[in-house]
Amino acid sequence: MKNRVFGKTGVAVSEVGFGAWAIGGSWGEVSDQDARAALEAALAAGTSFIDTADVYGDGRSERLIAEVLKTHQGPRPYVATKAGRRLNPHVAAGYDFDNLAAFVDRSRANLDMDCLDLVQLHCPPTEVFYRPQTFDALQKLVDLGRIKAWGVSVEKVEEGLKALEYPGLTSVQIIYNIFRQRPAALFLREAQARHVAVIVRVPLASGLLTGKMSAATTFAADDHRAFNREGQAFDKGETFSGVPYDLALQAVEEIRALLGDAPMAQFALRWILMEAAVSVVIPGARNAEQARGNAAASDLAALPAETMAALREIYTHRIAPHVHQLW
């Protein structure tokens with residue numbers, strides 16, 4: 001597993017991390033046994049970055065991480081969590097010190113950590129990025145010793161660019177994959193210039209870029225790929241990267257012709273890792289086999305220039321008209 005420096009923290013983390021949404025909920029049934037096995041397999045493969053959130057399974061994901069880390073024999077991984085989506089209603093005014101402090105304290109208990117490595121605002125309303133008092137509240141939590149650093153998770157490139165204006169910002173988490181290439185146009189360069197870490201989520205477009213889905217694939221009722229295709233529960237872009245499912249399947253077949261010997265999931269992760277501004281990519285895993293497969297993407301050779309160009313063409317002509325200006 002190769003490492004990259006996590007922005008201005010100077011901490012080296014594995015370039016392939018572990019996204020812990022799936023072991024919390026909203027991806028169909030994942031047993032505690034499978035969840036623990038997935039985490040343990042990722043750690044054994046050299047993963048040293050875990051991303052979770054307080055709302056993943058209403059704290060289940062955080063608690064499972066704490067259980068696994070209690071018996072983990074190796075170096076402790078860097079653990080990032082997120083806060084804000086517990087607000088009801090989920091409005092910008094709720095992102096104040098009292099609410100954020102309460103969310104942080106709950107995550108500290110769930111993760112069994114006195115001081116959290118990184119807390120990210122969890123895709124807040126766009127208005128929050130224009131409220132300096134919210135970011136002052138995060139900095140106060142650093143000063144109080146409850147968190148070491150803070151960042152943001154964003155839906156839109158514009159939100160990421162606005163967040164970069166705050167000098168205390170450590171990281172931005174953003175969707176970036178073969179089907180969502182807009183961040184490469186400006187955002188990634190700006191983040192790199194400011195030494196802000198970039199965490200890439202939804203790298204496999206909710207599983208589409210594993211190449212294992214078809215028109216006949218079905219999803220459990222509690223899987224967001226069944227209930228959020230049109231944004232009924234949260235931002236549409238979080239599900240299949242916002243790409244219409246049938247169209248995405250056609251694009252996947254075009255990508256398949258470019259793979260060579262690599263599994264498509266590893267190929268798609270390697271595409272993301274071609275970007276030097278990316279600090280860590282956080283694919284999810286529902287079991288140990290998936291976790292080991294994701295980690296192996298770090299071992300793939302660089303993709304040839306002609307392959308990168310072909311993927312850009314697929315995006316530009318088939319995918320971009322449906323997603324590029326939305327996020």
# chains A, B, ... in the order shown; residues from 1 in each chain; ligands from 1
call {"tool": "residues_around", "arguments": {"residues": "Ala301 of chain A", "least_positions_apart": "2", "cutoff": "10 Å", "atoms": "only C-alpha atoms", "output": "list in words"}}
result
Ala262, Phe267, Arg270, Met274, Ala297, Ser298, Asp299, Leu303 and Pro304 of chain A
call {"tool": "select_by_dssp", "arguments": {"residues": "segment 174-254 of chain A", "states": "strand (DSSP E)", "output": "PDB file with N, CA and C atoms, in the first residue's frame"}}
result
ATOM      1  N   ILE A 174     -14.987  15.119  -1.483  1.00  0.00           N
ATOM      2  CA  ILE A 174     -15.750  15.450  -2.677  1.00  0.00           C
ATOM      3  C   ILE A 174     -15.918  14.201  -3.545  1.00  0.00           C
ATOM      4  N   ILE A 175     -16.974  14.175  -4.338  1.00  0.00           N
ATOM      5  CA  ILE A 175     -17.175  13.080  -5.288  1.00  0.00           C
ATOM      6  C   ILE A 175     -16.324  13.345  -6.525  1.00  0.00           C
ATOM      7  N   ALA A 197      -5.956  18.733   2.079  1.00  0.00           N
ATOM      8  CA  ALA A 197      -6.144  17.330   1.715  1.00  0.00           C
ATOM      9  C   ALA A 197      -7.459  17.146   0.960  1.00  0.00           C
ATOM     10  N   VAL A 198      -7.453  16.237  -0.001  1.00  0.00           N
ATOM     11  CA  VAL A 198      -8.652  15.903  -0.770  1.00  0.00           C
ATOM     12  C   VAL A 198      -9.001  14.441  -0.522  1.00  0.00           C
ATOM     13  N   ILE A 199     -10.201  14.219   0.031  1.00  0.00           N
ATOM     14  CA  ILE A 199     -10.731  12.879   0.262  1.00  0.00           C
ATOM     15  C   ILE A 199     -11.764  12.610  -0.829  1.00  0.00           C
ATOM     16  N   VAL A 200     -11.570  11.563  -1.586  1.00  0.00           N
ATOM     17  CA  VAL A 200     -12.487  11.255  -2.692  1.00  0.00           C
ATOM     18  C   VAL A 200     -13.472  10.179  -2.257  1.00  0.00           C
ATOM     19  N   ARG A 201     -14.749  10.535  -2.280  1.00  0.00           N
ATOM     20  CA  ARG A 201     -15.797   9.570  -1.950  1.00  0.00           C
ATOM     21  C   ARG A 201     -16.587   9.181  -3.204  1.00  0.00           C
TER      22      ARG A 201
END
call {"tool": "residues_around", "arguments": {"residues": "Ala205 of chain A", "least_positions_apart": "2", "cutoff": "9 Å", "atoms": "only C-alpha atoms", "output": "number ranges by chain"}}
result
A: 175, 177-180, 201-203, 207-210, 238-243
call {"tool": "closest_residue", "arguments": {"among": "A:Asn294, A:Ser171, A:Asn228, A:Gln139", "to": "Ala277 of chain A", "atoms": "only C-alpha atoms"}}
result
A:Ser171
call {"tool": "residues_around", "arguments": {"residues": "Ala226 of chain A", "least_positions_apart": "5", "cutoff": "10 Å", "atoms": "only C-alpha atoms", "output": "number ranges by chain"}}
result
A: 26-28, 218-221, 239
call {"tool": "atom_distance", "arguments": {"atom1": "atom CA of Asp114 of chain A", "atom2": "atom CA of Trp150 of chain A"}}
result
15.4 Å
call {"tool": "select_by_dssp", "arguments": {"residues": "segment 191-250 of chain A", "states": "alpha helix (DSSP H)", "output": "PyMOL selection string"}}
result
chain A and resi 191-193+224-227+245-250
call {"tool": "residues_around", "arguments": {"residues": "His90 of chain A", "least_positions_apart": "5", "cutoff": "9 Å", "atoms": "only C-alpha atoms", "output": "list in words"}}
result
Gly84, Arg85, Tyr95, Pro124 and Pro125 of chain A
call {"tool": "residues_around", "arguments": {"residues": "Arg60 of chain A", "least_positions_apart": "6", "cutoff": "10 Å", "atoms": "only C-alpha atoms", "output": "VMD selection string"}}
result
chain A and resid 20 to 21 23 to 25 32 52 to 54 66 110 to 111
call {"tool": "write_last_selection", "arguments": {"atoms": "C-alpha atoms", "output": "PDB file, in the first residue's frame"}}
result
ATOM      1  CA  ALA A  20     -17.480   3.096   6.392  1.00  0.00           C
ATOM      2  CA  TRP A  21     -20.929   4.111   5.145  1.00  0.00           C
ATOM      3  CA  ILE A  23     -21.090  -0.999   7.313  1.00  0.00           C
ATOM      4  CA  GLY A  24     -23.380   1.515   8.998  1.00  0.00           C
ATOM      5  CA  GLY A  25     -26.482   1.285   6.847  1.00  0.00           C
ATOM      6  CA  ASP A  32     -21.612  -7.077  12.344  1.00  0.00           C
ATOM      7  CA  THR A  52     -17.227   7.432   8.823  1.00  0.00           C
ATOM      8  CA  ALA A  53     -20.076   9.673  10.027  1.00  0.00           C
ATOM      9  CA  ASP A  54     -22.308   9.955  13.059  1.00  0.00           C
ATOM     10  CA  ALA A  66     -14.050   1.467  17.840  1.00  0.00           C
ATOM     11  CA  ASN A 110     -18.944   6.169  19.838  1.00  0.00           C
ATOM     12  CA  LEU A 111     -15.338   6.033  18.631  1.00  0.00           C
TER      13      LEU A 111
END
call {"tool": "closest_residue", "arguments": {"among": "A:Ala295, A:Val323, A:Leu169, A:Leu121", "to": "Val154 of chain A", "atoms": "only C-alpha atoms"}}
result
A:Leu121
call {"tool": "closest_residue", "arguments": {"among": "A:Val280, A:Ala80, A:Ile319, A:Val142", "to": "Val5 of chain A", "atoms": "only C-alpha atoms"}}
result
A:Val280
call {"tool": "atom_distance", "arguments": {"atom1": "atom CA of Gly260 of chain A", "atom2": "atom CA of Ala276 of chain A"}}
result
23.1 Å
call {"tool": "residues_around", "arguments": {"residues": "Leu64 of chain A", "least_positions_apart": "3", "cutoff": "8 Å", "atoms": "only C-alpha atoms", "output": "PyMOL selection string"}}
result
chain A and resi 32+35-36+60-61+67-68
call {"tool": "closest_residue", "arguments": {"among": "A:Glu159, A:Asp235, A:Asp51, A:Glu253", "to": "Met213 of chain A", "atoms": "only C-alpha atoms"}}
result
A:Glu253
call {"tool": "closest_residue", "arguments": {"among": "A:Ser206, A:Ser107, A:Gln266, A:Ser31", "to": "Thr81 of chain A", "atoms": "only C-alpha atoms"}}
result
A:Ser107
call {"tool": "decode", "arguments": {"residues": "segment 90-230 of chain A", "atoms": "C-alpha atoms", "output": "compact mmCIF listing (two decimals), in the first residue's frame"}}
result
# COMPACT_ATOMS: atom_id res chain seq x y z
CA HIS A 90 -31.24 20.29 8.42
CA VAL A 91 -30.75 24.04 8.05
CA ALA A 92 -27.73 26.32 8.04
CA ALA A 93 -28.65 28.02 11.33
CA GLY A 94 -28.24 24.68 13.10
CA TYR A 95 -24.51 24.60 12.38
CA ASP A 96 -23.60 26.47 15.54
CA PHE A 97 -21.17 25.71 18.34
CA ASP A 98 -23.65 24.09 20.72
CA ASN A 99 -24.96 21.62 18.13
CA LEU A 100 -21.55 20.82 16.68
CA ALA A 101 -20.09 20.31 20.16
CA ALA A 102 -22.91 17.89 21.03
CA PHE A 103 -22.37 15.94 17.80
CA VAL A 104 -18.62 15.81 18.39
CA ASP A 105 -19.07 14.58 21.96
CA ARG A 106 -21.39 11.80 20.73
CA SER A 107 -18.81 10.74 18.13
CA ARG A 108 -16.05 10.84 20.74
CA ALA A 109 -18.08 8.40 22.81
CA ASN A 110 -18.94 6.17 19.84
CA LEU A 111 -15.34 6.03 18.63
CA ASP A 112 -13.92 5.85 22.16
CA MET A 113 -11.55 8.73 21.39
CA ASP A 114 -10.90 11.70 23.66
CA CYS A 115 -9.83 13.84 20.71
CA LEU A 116 -11.08 13.10 17.20
CA ASP A 117 -8.55 13.14 14.36
CA LEU A 118 -10.79 14.94 11.89
CA VAL A 119 -14.39 16.19 11.93
CA GLN A 120 -16.00 17.20 8.65
CA LEU A 121 -19.20 19.15 8.13
CA HIS A 122 -21.44 16.56 6.48
CA CYS A 123 -22.65 18.07 3.20
CA PRO A 124 -24.27 21.07 4.86
CA PRO A 125 -26.59 23.52 3.07
CA THR A 126 -24.64 25.79 0.73
CA GLU A 127 -25.42 28.77 2.98
CA VAL A 128 -23.17 27.30 5.69
CA PHE A 129 -20.09 27.97 3.56
CA TYR A 130 -20.90 31.68 3.83
CA ARG A 131 -21.21 31.61 7.64
CA PRO A 132 -17.76 32.24 9.18
CA GLN A 133 -19.22 31.60 12.63
CA THR A 134 -19.62 27.92 11.78
CA PHE A 135 -15.94 27.58 11.00
CA ASP A 136 -15.08 29.60 14.10
CA ALA A 137 -17.05 27.00 16.09
CA LEU A 138 -14.99 24.19 14.57
CA GLN A 139 -11.78 26.00 15.41
CA LYS A 140 -12.99 26.44 18.98
CA LEU A 141 -13.42 22.66 19.23
CA VAL A 142 -9.78 22.33 18.16
CA ASP A 143 -8.74 24.84 20.80
CA LEU A 144 -10.72 22.89 23.42
CA GLY A 145 -8.89 19.69 22.53
CA ARG A 146 -11.98 17.79 21.35
CA ILE A 147 -10.84 17.54 17.73
CA LYS A 148 -7.43 17.78 16.09
CA ALA A 149 -8.58 19.16 12.75
CA TRP A 150 -11.67 20.02 10.74
CA GLY A 151 -12.77 19.78 7.16
CA VAL A 152 -15.87 19.72 4.98
CA SER A 153 -17.69 17.21 2.86
CA VAL A 154 -19.32 18.89 -0.12
CA GLU A 155 -21.81 18.12 -2.86
CA LYS A 156 -20.76 20.88 -5.26
CA VAL A 157 -17.42 22.03 -6.61
CA GLU A 158 -18.40 25.60 -5.78
CA GLU A 159 -18.83 24.68 -2.10
CA GLY A 160 -15.37 23.17 -2.07
CA LEU A 161 -13.86 26.26 -3.61
CA LYS A 162 -15.60 28.49 -1.04
CA ALA A 163 -14.37 26.28 1.82
CA LEU A 164 -10.79 26.74 0.63
CA GLU A 165 -11.04 30.39 1.67
CA TYR A 166 -11.04 29.42 5.37
CA PRO A 167 -7.41 29.24 6.57
CA GLY A 168 -8.05 26.57 9.21
CA LEU A 169 -9.44 24.09 6.72
CA THR A 170 -7.61 20.74 6.69
CA SER A 171 -9.56 18.73 4.12
CA VAL A 172 -12.35 18.66 1.56
CA GLN A 173 -14.23 15.48 0.79
CA ILE A 174 -15.75 15.45 -2.68
CA ILE A 175 -17.17 13.08 -5.29
CA TYR A 176 -14.62 12.46 -8.03
CA ASN A 177 -14.65 9.46 -10.34
CA ILE A 178 -14.73 8.50 -14.01
CA PHE A 179 -18.37 9.66 -14.09
CA ARG A 180 -17.76 12.90 -12.14
CA GLN A 181 -14.68 14.60 -13.56
CA ARG A 182 -15.49 18.25 -13.00
CA PRO A 183 -13.28 18.67 -9.86
CA ALA A 184 -10.20 18.22 -12.05
CA ALA A 185 -10.97 21.41 -14.00
CA LEU A 186 -10.19 23.82 -11.13
CA PHE A 187 -10.90 22.54 -7.64
CA LEU A 188 -8.13 19.96 -7.35
CA ARG A 189 -5.47 22.47 -8.44
CA GLU A 190 -6.69 25.05 -5.93
CA ALA A 191 -6.77 22.53 -3.07
CA GLN A 192 -3.27 21.33 -3.88
CA ALA A 193 -1.94 24.89 -3.99
CA ARG A 194 -3.27 25.47 -0.46
CA HIS A 195 -2.01 22.11 0.88
CA VAL A 196 -5.58 21.09 1.65
CA ALA A 197 -6.14 17.33 1.72
CA VAL A 198 -8.65 15.90 -0.77
CA ILE A 199 -10.73 12.88 0.26
CA VAL A 200 -12.49 11.26 -2.69
CA ARG A 201 -15.80 9.57 -1.95
CA VAL A 202 -18.23 7.60 -4.17
CA PRO A 203 -15.24 6.48 -6.24
CA LEU A 204 -17.08 3.55 -7.80
CA ALA A 205 -20.32 5.45 -8.51
CA SER A 206 -22.27 3.37 -5.98
CA GLY A 207 -20.97 0.16 -7.50
CA LEU A 208 -21.57 0.94 -11.16
CA LEU A 209 -17.83 1.13 -11.78
CA THR A 210 -17.29 -2.38 -10.46
CA GLY A 211 -18.77 -3.60 -13.75
CA LYS A 212 -20.93 -6.08 -11.85
CA MET A 213 -24.33 -4.43 -12.34
CA SER A 214 -26.86 -4.89 -15.10
CA ALA A 215 -30.39 -3.84 -15.99
CA ALA A 216 -31.59 -6.86 -14.01
CA THR A 217 -29.76 -5.94 -10.79
CA THR A 218 -32.07 -5.35 -7.84
CA PHE A 219 -31.43 -3.64 -4.51
CA ALA A 220 -32.85 -4.11 -1.03
CA ALA A 221 -35.51 -1.66 0.12
CA ASP A 222 -33.11 -0.15 2.66
CA ASP A 223 -30.38 0.37 0.04
CA HIS A 224 -30.07 3.98 -1.15
CA ARG A 225 -29.62 2.66 -4.68
CA ALA A 226 -33.28 1.65 -4.47
CA PHE A 227 -34.76 4.62 -2.60
CA ASN A 228 -32.65 7.64 -3.58
CA ARG A 229 -32.20 7.47 -7.36
CA GLU A 230 -34.05 10.76 -7.80
